[in-house]
>>> print(open('my_file12.cif').read())   # mmCIF, C-alpha atoms
data_coords
#
loop_
_atom_site.label_atom_id
_atom_site.label_comp_id
_atom_site.auth_asym_id
_atom_site.auth_seq_id
_atom_site.Cartn_x
_atom_site.Cartn_y
_atom_site.Cartn_z
CA MET A 13 0.00 0.00 0.00
CA VAL A 14 2.94 2.33 0.61
CA ASP A 15 4.11 1.87 -2.97
CA MET A 16 0.56 2.44 -4.23
CA ALA A 17 0.28 5.70 -2.27
CA LYS A 18 3.62 6.77 -3.76
CA PHE A 19 2.34 5.94 -7.26
CA PHE A 20 -0.72 8.17 -6.87
CA LEU A 21 1.29 10.98 -5.32
CA GLU A 22 3.76 10.85 -8.22
CA PHE A 23 0.81 11.28 -10.57
CA THR A 24 -0.67 14.24 -8.73
CA GLN A 25 2.77 15.84 -8.39
CA ARG A 26 3.23 15.64 -12.17
CA GLU A 27 -0.27 17.00 -12.83
CA SER A 28 -0.03 19.89 -10.39
CA CYS A 29 -0.23 23.28 -12.13
CA GLY A 30 2.23 24.66 -9.59
CA LYS A 31 0.28 27.85 -8.88
CA CYS A 32 -0.27 27.30 -5.17
CA ILE A 33 2.57 26.55 -2.81
CA PRO A 34 0.78 23.95 -0.64
CA CYS A 35 0.14 21.66 -3.60
CA ARG A 36 3.42 22.33 -5.45
CA GLU A 37 5.77 22.10 -2.47
CA GLY A 38 3.69 20.00 -0.08
CA THR A 39 3.15 17.09 -2.46
CA LYS A 40 6.84 17.22 -3.40
CA LYS A 41 7.80 16.95 0.27
CA MET A 42 5.30 14.11 0.82
CA LEU A 43 6.68 12.30 -2.22
CA ASP A 44 10.25 12.70 -0.94
CA ILE A 45 9.22 11.12 2.36
CA LEU A 46 7.43 8.22 0.62
CA ARG A 47 10.45 7.59 -1.62
CA ARG A 48 12.69 7.50 1.44
CA ILE A 49 10.34 5.03 3.15
CA THR A 50 10.17 2.72 0.11
CA GLU A 51 13.96 2.79 -0.18
CA GLY A 52 14.33 1.53 3.40
CA LYS A 53 15.52 4.87 4.78
CA GLY A 54 12.34 5.85 6.60
CA ARG A 55 12.40 7.49 10.02
CA LYS A 56 9.92 7.10 12.87
CA GLU A 57 8.66 10.68 12.50
CA ASP A 58 7.86 10.23 8.78
CA ILE A 59 4.32 8.98 9.37
CA ASP A 60 3.45 11.95 11.58
CA ASP A 61 5.04 14.28 9.01
CA LEU A 62 2.96 12.74 6.21
CA ILE A 63 -0.24 13.15 8.22
CA TYR A 64 0.59 16.76 9.09
CA LEU A 65 1.56 17.68 5.52
CA GLY A 66 -1.46 15.89 4.06
CA THR A 67 -3.95 17.72 6.26
CA GLN A 68 -2.25 21.07 5.59
CA ILE A 69 -2.25 20.50 1.82
CA ARG A 70 -5.92 19.51 1.84
CA THR A 71 -6.86 22.63 3.77
CA ALA A 72 -4.70 25.19 1.96
CA SER A 73 -4.72 24.09 -1.69
CA LEU A 74 -6.71 26.18 -4.13
CA CYS A 75 -7.98 23.49 -6.51
CA GLY A 76 -9.58 20.06 -6.32
CA LEU A 77 -6.35 18.30 -7.33
CA GLY A 78 -4.42 19.77 -4.42
CA GLN A 79 -7.28 19.22 -2.00
CA THR A 80 -7.47 15.51 -2.87
CA ALA A 81 -3.79 14.78 -3.62
CA PRO A 82 -2.94 13.63 -0.07
CA ASN A 83 -5.98 11.33 0.21
CA PRO A 84 -4.28 8.09 -0.94
CA VAL A 85 -1.46 8.65 1.55
CA LEU A 86 -3.71 9.58 4.45
CA THR A 87 -6.12 6.71 3.75
CA THR A 88 -3.39 4.08 3.47
CA ILE A 89 -1.84 5.34 6.71
CA ARG A 90 -5.23 5.10 8.43
CA TYR A 91 -6.06 1.57 7.25
CA PHE A 92 -2.63 0.04 6.58
CA ARG A 93 -0.38 1.71 9.11
CA ASP A 94 1.22 -1.65 9.89
CA GLU A 95 2.69 -1.65 6.37
CA TYR A 96 4.24 1.77 6.93
CA ASP A 97 5.61 0.54 10.26
CA ALA A 98 7.12 -2.54 8.59
CA HIS A 99 8.84 -0.35 5.99
CA ILE A 100 10.24 1.99 8.61
CA ASN A 101 10.97 -0.22 11.61
CA GLU A 102 11.73 -3.60 10.01
CA LYS A 103 13.04 -2.38 6.63
CA ARG A 104 10.74 -4.79 4.78
CA CYS A 105 7.84 -4.46 2.38
CA PRO A 106 5.01 -6.88 3.28
CA ALA A 107 3.59 -6.56 -0.26
CA GLY A 108 6.94 -7.29 -1.90
CA ALA A 109 6.49 -4.20 -4.09
CA CYS A 110 9.42 -2.07 -2.93
CA LYS A 111 12.48 -3.29 -4.79
CA ASP A 112 14.98 -1.79 -2.36
CA LEU A 113 13.45 -3.75 0.51
CA LEU A 114 13.42 -7.14 -1.21
CA ASP A 115 15.72 -9.92 -0.11
CA ILE A 116 16.19 -12.58 -2.78
CA SER A 117 17.60 -15.88 -1.54
CA ILE A 118 18.19 -19.44 -2.67
CA ASP A 119 16.77 -22.32 -0.66
CA GLN A 120 19.80 -24.59 -0.26
CA VAL A 121 17.59 -27.68 0.10
CA LYS A 122 15.53 -27.10 -3.05
CA CYS A 123 18.41 -25.94 -5.28
CA ARG A 124 19.64 -28.73 -7.56
CA GLY A 125 22.53 -26.78 -9.04
CA CYS A 126 21.16 -26.69 -12.60
CA ALA A 127 22.92 -23.32 -13.16
CA MET A 128 20.03 -21.84 -15.13
CA CYS A 129 19.93 -18.91 -12.71
CA VAL A 130 23.67 -18.35 -13.07
CA LYS A 131 23.29 -18.01 -16.84
CA ALA A 132 20.20 -15.79 -16.57
CA CYS A 133 21.45 -13.36 -13.91
CA PRO A 134 22.34 -10.07 -15.66
CA ALA A 135 24.45 -8.90 -12.71
CA GLY A 136 26.47 -12.09 -12.29
CA ALA A 137 25.35 -12.22 -8.67
CA ILE A 138 24.75 -15.99 -8.52
CA SER A 139 27.60 -18.45 -8.15
CA GLY A 140 28.02 -22.13 -7.59
CA THR A 141 29.05 -25.33 -9.30
CA VAL A 142 26.81 -27.62 -11.29
CA LYS A 143 24.81 -30.11 -9.19
CA GLN A 144 25.59 -28.17 -5.99
CA ALA A 145 23.46 -25.54 -4.29
CA HIS A 146 24.11 -22.02 -5.54
CA ALA A 147 24.39 -18.74 -3.62
CA ILE A 148 23.48 -15.11 -4.28
CA ASP A 149 25.91 -12.28 -3.67
CA ARG A 150 23.48 -9.73 -2.18
CA GLY A 151 25.89 -6.90 -2.85
CA ARG A 152 25.82 -7.55 -6.59
CA CYS A 153 22.15 -8.56 -6.87
CA ILE A 154 20.03 -5.91 -8.64
CA LYS A 155 16.79 -7.61 -7.50
CA CYS A 156 15.40 -7.92 -11.01
CA GLY A 157 13.71 -11.27 -10.30
CA VAL A 158 14.92 -13.05 -13.44
CA CYS A 159 16.38 -15.86 -11.34
CA ILE A 160 13.03 -16.40 -9.59
CA GLU A 161 11.22 -16.72 -12.91
CA ILE A 162 13.74 -19.08 -14.49
CA CYS A 163 14.34 -21.52 -11.61
CA PRO A 164 12.56 -24.79 -12.47
CA PHE A 165 12.69 -25.99 -8.85
CA GLN A 166 11.22 -22.84 -7.21
CA ALA A 167 14.35 -22.70 -5.09
CA ILE A 168 14.71 -18.93 -5.39
CA GLY A 169 12.32 -16.60 -3.61
CA LYS A 170 11.94 -13.11 -2.27
CA LYS A 171 11.19 -12.06 1.27
#
>>> encode(input="my_file12.cif", output="structure tokens")
Amino acid sequence: MVDMAKFFLEFTQRESCGKCIPCREGTKKMLDILRRITEGKGRKEDIDDLIYLGTQIRTASLCGLGQTAPNPVLTTIRYFRDEYDAHINEKRCPAGACKDLLDISIDQVKCRGCAMCVKACPAGAISGTVKQAHAIDRGRCIKCGVCIEICPFQAIGKK
């Protein structure tokens, strides 16, 4: 839901005419906070800041776009606050939508060492010998998910 709120705020930020400061600057600030949260760099005060900014933007904006722009953020905070908390406190995305918060790993029991993932990985992040369980170098992994799609044994997954 955090990623969805960010998506809608990106849209309204692009569509803003820029005439009134609350909409132009407020939605930009809210979007910066949401980007930080989805990148795993969120701070505890971010949720309170989003609520404050959202209510101020709704009250002070001149047009309907500005008055409704914060609604997706405020609504997702109200009904899915646990997802925001997971992003900020646990550095994980329960929906698996935030790429920077994904952790791709290989199940050592399921992996048969077929090396299909090694060949498919564009970053060269997977290593191992044939017929032995492989491993992912998390520092090199770009989290594209190609390895997950190609693995015939469903040994690769994201958390």
>>> closest_residue(input="my_file12.cif", among="A:Tyr64, A:Phe165, A:Phe20, A:Phe92", to="A:Arg124", atoms="only C-alpha atoms")
A:Phe165
>>> residues_around(input="my_file12.cif", residues="A:Gly66", least_positions_apart="2", cutoff="9 Å", atoms="all atoms listed in the file", output="JSON, numbers by chain")
{"A": [38, 39, 42, 61, 62, 63, 64, 68, 69, 70, 71, 81, 82, 83, 85, 86]}
>>> write_last_selection(input="my_file12.cif", atoms="C-alpha atoms", output="mmCIF file, in the coordinates of the input")
data_model
loop_
_atom_site.group_PDB
_atom_site.id
_atom_site.type_symbol
_atom_site.label_atom_id
_atom_site.label_comp_id
_atom_site.auth_asym_id
_atom_site.auth_seq_id
_atom_site.Cartn_x
_atom_site.Cartn_y
_atom_site.Cartn_z
ATOM 1 C CA GLY A 38 3.690 20.000 -0.080
ATOM 2 C CA THR A 39 3.150 17.090 -2.460
ATOM 3 C CA MET A 42 5.300 14.110 0.820
ATOM 4 C CA ASP A 61 5.040 14.280 9.010
ATOM 5 C CA LEU A 62 2.960 12.740 6.210
ATOM 6 C CA ILE A 63 -0.240 13.150 8.220
ATOM 7 C CA TYR A 64 0.590 16.760 9.090
ATOM 8 C CA GLN A 68 -2.250 21.070 5.590
ATOM 9 C CA ILE A 69 -2.250 20.500 1.820
ATOM 10 C CA ARG A 70 -5.920 19.510 1.840
ATOM 11 C CA THR A 71 -6.860 22.630 3.770
ATOM 12 C CA ALA A 81 -3.790 14.780 -3.620
ATOM 13 C CA PRO A 82 -2.940 13.630 -0.070
ATOM 14 C CA ASN A 83 -5.980 11.330 0.210
ATOM 15 C CA VAL A 85 -1.460 8.650 1.550
ATOM 16 C CA LEU A 86 -3.710 9.580 4.450
#
>>> residues_near_point(input="my_file12.cif", point="(3.1, 0.4, 8.7)", cutoff="12 Å", atoms="all atoms listed in the file", output="ChimeraX atom specification")
/A:13-15,49-50,54-56,58-60,85,88-107
>>> residues_near_point(input="my_file12.cif", point="(19.0, -23.6, -12.9)", cutoff="10 Å", atoms="all atoms listed in the file", output="number ranges by chain")
A: 123-132, 142-143, 145-146, 159-160, 162-168
>>> axis_aligned_box(input="my_file12.cif", around="stretch 121-130 of chain A", padding_each_side="5 Å", output="lines of an AutoDock Vina configuration file")
center_x = 19.6
center_y = -23.5
center_z = -7.5
size_x = 18.1
size_y = 20.4
size_z = 25.2
>>> resolve_selection(input="my_file12.cif", expression="the PyMOL selection byres ((chain A and resi 151) around 12)", output="JSON list (two decimals) with C-alpha atoms, in the coordinates of the input")
[["chain", "number", "residue", "atom", "x", "y", "z"],
["A", 115, "ASP", "CA", 15.72, -9.92, -0.11],
["A", 116, "ILE", "CA", 16.19, -12.58, -2.78],
["A", 135, "ALA", "CA", 24.45, -8.90, -12.71],
["A", 136, "GLY", "CA", 26.47, -12.09, -12.29],
["A", 137, "ALA", "CA", 25.35, -12.22, -8.67],
["A", 138, "ILE", "CA", 24.75, -15.99, -8.52],
["A", 147, "ALA", "CA", 24.39, -18.74, -3.62],
["A", 148, "ILE", "CA", 23.48, -15.11, -4.28],
["A", 149, "ASP", "CA", 25.91, -12.28, -3.67],
["A", 150, "ARG", "CA", 23.48, -9.73, -2.18],
["A", 152, "ARG", "CA", 25.82, -7.55, -6.59],
["A", 153, "CYS", "CA", 22.15, -8.56, -6.87],
["A", 154, "ILE", "CA", 20.03, -5.91, -8.64],
["A", 155, "LYS", "CA", 16.79, -7.61, -7.50]]
